[in-house]
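This report concerns only the one structure given below.
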Amino acid sequence: MVLDLGCGLSFAAGSKKEERAYAAAAGAFQDGMWSRAETEFAQFVEKYPASSHVAEAVLLRAQAEFKQGKFAEAIALLTDTNNLAQAGTLADEYLYWTGESQFQGANYPGAAETWIALAQKFPESPLRLRAVVEAASAFTKLAEWRQTVALLEATNGVFQRAVQMDLGSEPVARGQLLLAQAKLGLKDFGGASAILEPLLDSKTLKPELDRQCALLLYQVKFAAGETDAALAVTTNLLQIAGLAKNNNWTAEGMALRAGALEKLGRAADAIAVYQENLTNAPVERQREAVLKIAELAIVQKQFPVATNALETFLAQFPDSPSADIASLTLAELHLKDYVASRIAGSATNQLPEVQLRFDQFLGAFTNSPLAGRAYLDRGWCFWLAEKIPESFDDFKTAAQKIAAQQLPPSEDLLVAWFKMGDAQFKQKDFAGALENYRAVLDGLKISPGAGATLGDPALYQILRASLEMNDAAGASNAFAQISQKHPDGGLAQSSSLLYGESMASPGDARALFEKLSAQLSGSPLQPQVALAVSRTYEREQNWPAAMTNYENWLENFPTNALQPQVSYALAQANFQAGNETNAFLLFTNFVAQFPTNELAPLAQWWVADHFFRVPDYVDAERNYKFVFEKWPASSLAYPAHMMAGRAAMARSDYNGAIRDYFLKLEQDTNCPIDLRVQATFAHGDALMLADSADTNKPLANFELATNLFAQICQLYPTNELGVLAWGEIGKCALQLSAFDAATNAYAQIINSPFAGISARSQAQTGFGIALEKKAALVNGSEQTELLDDALDNYSDVLYKNNLRDGEQPDPFWRKKAGLQAAALAETLANYEVAVNVYSHLEELFPQAKDSLEKKIAAAQAHLPPGKN
């Protein structure tokens, strides 16, 4: 809200000195001399407490304090009891500016409460509408979406009455935007669109509000998965920017347009739009465009496109503030291309040229904040050329420059330290290497998210360096940390940060541990080292060797605390080797011998899974129950409930599965939400299979199941289970002969951006079946049209017309759709088409040749002579 005096100045009463004093303070206020106005209004009130201008002077003093950021002082002044008593007709303004001060001081709950109080206490105040809108703005800051909606949608509320009277006013427009934002926060995308679309089409908004409306509509469409619609909104954004002649808005619109195109898989079009931001755009937008063009081209494996874009930019704008990042990105593209070709075994002699690019960067951009990264990249060039001393120098310089930026340890800094250690290790400076590897671990304590995958390799290298130095204590400490982090014996195997360099193959690790074992003879760590050796065979999936080593371990260390862990590993190795009978005995013995061990629930789970595989669903259910009855605090307790219910369903005890397991999970608020959703889904499946309790309504269970699946769809529209739930609703609708409802449910899946090819193929097949059933209820051209539509849906699946980029067809549903299409063709007496479809299926699924040959023969029997 634009500050003004907020009240009419009257000079009809009072002494000339009083009037001059007031006018002087008011003049300072009007001229924006806030500190002077604050002081003079305070002096005026103190000197003339009986003046008729006191209420105005207090208000204007508070506004002057507000302008200076003195929000607490303004609030204290406006809420003072004596001042409120003299406020008179300005009492509503006192409340309004109290709310403004609270809002700017980030006391959003207080601001909302104050503004709502104004609207309630002063029904005739011209500030009521603005106060309600500002209260909604405060709720928005708190992400209190439901309160925002309740305030702005109240049927007889201030805002809704204003909407009816003056839809085009600025406060109403702001309120509409806040209401739409709240609906977006509640994922009511349809409700938000219903507000924003007519508002944007009205062409009555000021440019800034028009832009805000279009931005919000873009966000709504994008969040709803309506990316094509979001793309269309960017046309509005660019038109608004063009009319306002605002380059910043234009660049923003271009970036959003490119983002929508990228989401639609139109990478080439996105690149073309990003290129528009390489000129006449803010620096940050130019940088964004450079990086996105390169990123998109790399994803498409269009290395020439990426390099061409960057080279063109550098040629046209060599003095651009973005030249450093463009130049470095270009050099890194060449480095990545070289590394990729080296890994593929097709490396050329381009490494010197790559290195030259980093040389040129460091010469041209000596003071760039990216210089440290450039030294790191050039260090990699030296490393790959096996120029180890030179690589060390560059890695060291990179670390120094990056550290000089005085930021928390970054991924680049950790990599620089790590590679310094590697270079020193290569040169047999093991003490120096240890120092840098330990620096990596210390850095990760400060910035655990930066280069987190370097932690394990650093420990591994510390262990290697300690062994090279015959430092048994250092090696023991490193190994103890590795064992603590990886009780299963696994070690870091590779890191993308190291450009694919391997760290510890199982064989290398085994040799290392055996060397360590020789140095630690008689040490308390000996059992752990022996276990680590055994684990290396497990990593190689050499199960016989793993079993032998685990058995030897149990014989050599029968009283060691690791005995439960090794016993469990031995049982697993037997299972993986195909010795399920031995594994069963070992797991059941484990549960009996170590019932309080943390692995006991896992062992019991394996036993239950064994019975489920046999299948023996009675014993499977019983053993899953053991898991949650014996170990109720285990993370497996809730999943065991779920599996017990599935076992009950498998033995056709549908009501028992619902009553004893699924309902309990659904009603337990401590149960993880994803498992509760699975239980609701399984509950619905069980209802579909169970007999109805109401013999007069044999299909009642399908109605109940539909309600359950609908809850899942509503709560999890972007979740895989939400997509699958629509499929179950379709099945229920088919059983209830609600064929329109069935096609609607299947259409939700077919059009969903979150549905995979299997779900969509199943849905499209179901859609066709529903159309066939609906066609059976009508005659003539209507029936023919429905059957043709059904055949089209089956054909889409069979002939792969429903695939999206990068997808492969689902064989099961392709075959199912083909069989449905052929059967429908026979129903339509189009036997030639039926024969062709069956023959096509025979080519796709030769294993089904016998049954398909019979179908082909049956269809050919209906063909006229010469066509069979």
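Every chain in the structure tokens has a letter given in the order shown (A, B, ...), and although residue numbers restart at 1 in each chain, ligands are simply numbered from 1 in the order shown.
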List the spatial neighbours of stretch 506-515 of chain A as a count of residues only - criterion: any atom at most 7 Å away, only C-alpha atoms, same-chain residues fewer than 5 positions off excluded.
5
Name all residues at most 9 Å from A:Leu216 (count only C-alpha atoms; drop same-chain ones fewer than 6 positions away) and give them as a ChimeraX atom specification.
/A:177,180-181,184,192,196
Writing out the chosen residues with all heavy atoms as a CSV table (one decimal), in the first residue's frame:
```
chain,number,residue,atom,x,y,z
A,177,LEU,N,-5.9,-13.7,-6.9
A,177,LEU,CA,-4.6,-14.3,-7.0
A,177,LEU,C,-4.2,-15.1,-5.8
A,177,LEU,O,-3.7,-16.2,-5.9
A,177,LEU,CB,-3.5,-13.3,-7.4
A,177,LEU,CG,-3.7,-12.6,-8.7
A,177,LEU,CD1,-2.5,-11.6,-8.9
A,177,LEU,CD2,-3.7,-13.6,-9.9
A,180,ALA,N,-6.3,-18.2,-5.6
A,180,ALA,CA,-5.8,-19.2,-6.6
A,180,ALA,C,-4.5,-19.9,-6.1
A,180,ALA,O,-4.3,-21.1,-6.2
A,180,ALA,CB,-5.5,-18.6,-7.9
A,181,GLN,N,-3.6,-19.1,-5.5
A,181,GLN,CA,-2.4,-19.6,-4.9
A,181,GLN,C,-2.7,-20.6,-3.8
A,181,GLN,O,-2.0,-21.6,-3.7
A,181,GLN,CB,-1.5,-18.5,-4.4
A,181,GLN,CG,-0.1,-18.9,-3.9
A,181,GLN,CD,0.8,-17.8,-3.6
A,181,GLN,OE1,0.4,-16.6,-3.8
A,181,GLN,NE2,1.9,-18.1,-3.0
A,184,LEU,N,-3.8,-23.8,-5.3
A,184,LEU,CA,-2.6,-24.5,-5.8
A,184,LEU,C,-1.9,-25.2,-4.7
A,184,LEU,O,-1.5,-26.4,-4.8
A,184,LEU,CB,-1.7,-23.5,-6.5
A,184,LEU,CG,-0.3,-24.0,-6.9
A,184,LEU,CD1,-0.4,-25.2,-7.9
A,184,LEU,CD2,0.6,-22.9,-7.5
A,192,ALA,N,-8.1,-23.6,-8.9
A,192,ALA,CA,-7.2,-22.5,-9.2
A,192,ALA,C,-7.3,-22.0,-10.6
A,192,ALA,O,-7.4,-20.8,-10.9
A,192,ALA,CB,-5.7,-22.9,-8.9
A,196,LEU,N,-8.1,-18.2,-12.3
A,196,LEU,CA,-7.1,-17.5,-13.0
A,196,LEU,C,-7.4,-17.4,-14.5
A,196,LEU,O,-7.1,-16.3,-15.1
A,196,LEU,CB,-5.7,-18.3,-12.9
A,196,LEU,CG,-5.2,-18.3,-11.5
A,196,LEU,CD1,-4.0,-19.3,-11.4
A,196,LEU,CD2,-4.7,-17.0,-11.0
```
Can you list, as a ChimeraX atom specification, every residue of stretch 374-611 of chain A that DSSP puts in helix (DSSP H, G or I)?
/A:374-384,388-403,411-426,430-446,452-468,472-485,496-498,506-519,526-539,543-556,563-576,580-593,600-611
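Among the candidates A:Gly345, A:Pro389, A:Gly768, A:Gly363, the one nearest to A:Val797 when counting only C-alpha atoms is A:Gly768.
Pairwise distance (atom CA of A:Ala644, atom CA of A:Ala620) equals 7.2 Å.
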Selection near A:Asp359, 12 Å with only C-alpha atoms, sequence-local residues under 3 positions removed, as a PyMOL selection string
chain A and resi 327-328+331+352-356+362-366+371+374-379+381-382+394
